[in-house]
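First up is the structure itself, then whatever we jot down about it.
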Amino acid sequence: MSSNQGVSAFPDIYIPDKKKDKDWHKQAVESICNRSLNQTYSVNYVMMNESVNYFQGLQSGDEYKFLQQSTDGEALPAKWMNLNRIRPKLNIVMGEFMEKGYDIGVKAINKEAVSRRLEEKHRILVEMRLQPSAMALEQQVGLPFQSNEELPEDEQDLDDFIATTYKEVSEFVMEAALKWLAKVFEWDYTRFALFRDILIMGKCMAKVELVDGLPRIRRIDPRLMIFDTNATDDFLSDATFWGEVRYMDITAATEEYGLSKEEI
């Protein structure tokens with residue numbers, strides 16, 4: 001990788017979008033590449049790649065030569081045996097992670113839904129407070145004064161009761177849609193792969209994309225990820241840029257960007 005010498009300045013990001021023409025975007029991309037594809041990227045890539053190789057038992061053994069050879073290059077009189085103790089332990093952790101599974105829940109947060117939820121909470125609270133009197137009247141008159149719906153035992157459990165029993169129609173629909181998406185796009189495996197990345201490489205990356213109008217979570221190899229190092233959270237919510245480093249052969253590049261012979 002080349003050093004940061006001659007790094008092009010990042011263009012002004014506060015100009016109106018209509019002024020961000022082709023030259024502006026080209027300068028931005030060149031600046032991002034020059035700032036990101038440097039020695040730090042190379043070092044991080046090698047470290048994470050070595051972690052993956054160690055987990056898979058593919059390490060070269062160069063890091064252990066001092067145990068196998070003397071300073072003058074002669075082989076030491078000892079048998080060398082490589083025991084990968086990390087992989088079995090991580091497999092146990094990942095197995096427990098998959099067994100625990102996960103739940104998909106939806107909660108509406110718009111003002112109308114919150115208002116309806118509060119109304120339901122107040123209605124149940126009134127039912128709870130009138131319950132002793134209603135039961136006494138039922139015994140005297142012999143007629144039911146309350147519905148047969150299940151109520152929480154006390155007011156301290158009311159919030160949990162509302163959270164687990166009351167749902168808007170839109171919440172039911174969205175929850176069903178998310179469970180369908182989880183099955184179609186195999187969220188179980190994606191979740192497992194991201195957890196595996198954290199255990200082996202210390203970080204995981206995923207991107208939400210739209211595929212035929214449907215949201216899909218796609219895993220990104222952390223070794224090939226570049227991003228604004230000034231971002232303040234793990235979700236890169238305030239990052240000015242992020243990207244993936246991919247290899248593209250000349251044939252694919254020609255088809256993707258319609259390059260002419262002169263440009264090639």
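Just so we're on the same page: first chain in the structure tokens is A, next is B, and so on; residues restart at 1 for each chain, and ligands are numbered from 1 in the order they show up.
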
### Message
I'd like to know which residues of range 192-239 of chain A are helix (DSSP H, G or I) (by DSSP, run on the backbone); could you write them as number ranges by chain?
### Response
A: 192-201, 222-224

Output for the residues just chosen: N, CA, C and O atoms as a compact mmCIF listing (two decimals), in the first residue's frame:
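Printed below is result-v1.txt as written:
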# COMPACT_ATOMS: atom_id res chain seq x y z
N PHE A 192 -25.63 -15.69 13.01
CA PHE A 192 -24.55 -16.58 13.44
C PHE A 192 -23.21 -16.13 12.84
O PHE A 192 -22.19 -16.11 13.53
N ALA A 193 -23.21 -15.76 11.56
CA ALA A 193 -21.97 -15.34 10.90
C ALA A 193 -21.42 -14.07 11.52
O ALA A 193 -20.19 -13.93 11.69
N LEU A 194 -22.29 -13.14 11.88
CA LEU A 194 -21.82 -11.89 12.51
C LEU A 194 -21.24 -12.16 13.89
O LEU A 194 -20.22 -11.57 14.28
N PHE A 195 -21.89 -13.05 14.65
CA PHE A 195 -21.36 -13.41 15.96
C PHE A 195 -20.00 -14.10 15.83
O PHE A 195 -19.08 -13.85 16.62
N ARG A 196 -19.86 -14.95 14.83
CA ARG A 196 -18.58 -15.62 14.57
C ARG A 196 -17.49 -14.61 14.23
O ARG A 196 -16.35 -14.74 14.69
N ASP A 197 -17.84 -13.57 13.45
CA ASP A 197 -16.86 -12.53 13.11
C ASP A 197 -16.37 -11.81 14.36
O ASP A 197 -15.18 -11.50 14.48
N ILE A 198 -17.29 -11.54 15.28
CA ILE A 198 -16.91 -10.85 16.52
C ILE A 198 -15.93 -11.70 17.33
O ILE A 198 -14.92 -11.21 17.83
N LEU A 199 -16.22 -13.00 17.44
CA LEU A 199 -15.37 -13.88 18.22
C LEU A 199 -13.98 -14.02 17.61
O LEU A 199 -12.98 -14.05 18.33
N ILE A 200 -13.90 -14.09 16.29
CA ILE A 200 -12.63 -14.36 15.62
C ILE A 200 -11.87 -13.09 15.31
O ILE A 200 -10.66 -12.97 15.59
N MET A 201 -12.55 -12.09 14.74
CA MET A 201 -11.86 -10.88 14.26
C MET A 201 -12.09 -9.65 15.13
O MET A 201 -11.53 -8.59 14.87
N PRO A 222 -15.33 -8.15 7.64
CA PRO A 222 -14.66 -7.03 8.32
C PRO A 222 -13.27 -6.71 7.76
O PRO A 222 -12.82 -5.57 7.85
N ARG A 223 -12.61 -7.70 7.16
CA ARG A 223 -11.29 -7.46 6.60
C ARG A 223 -11.34 -6.52 5.41
O ARG A 223 -10.33 -5.87 5.09
N LEU A 224 -12.49 -6.43 4.76
CA LEU A 224 -12.62 -5.63 3.54
C LEU A 224 -13.42 -4.36 3.76
O LEU A 224 -13.89 -3.75 2.80

### Query
Just how far from CA of Ile217 in chain A is CA of Thr190 in chain A, in Å to one decimal?
7.6 Å

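The residue set within 12 Å of Ile15 in chain A, counting only C-alpha atoms and dropping same-chain residues fewer than 5 places from it, reads Lys20, Asp21 and Trp24 of chain A.
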
### Query
Which distance in Å separates CA of Tyr54 in chain A and CA of Leu90 in chain A, to one decimal?
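CA of Tyr54 in chain A sits 12.0 Å away from CA of Leu90 in chain A.
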
### Message
Applying 12 Å and only C-alpha atoms, which residues near Pro88 in chain A remain after dropping the ones on its own chain fewer than 6 positions away? List them as a list in words.
### Response
Phe55, Gln56, Gly57, Met94 and Gly95 of chain A

### Query
What gap, in Å, lies between CA of Phe10 in chain A and CA of Gln27 in chain A?
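That distance, rounded to one decimal, is 6.9 Å.
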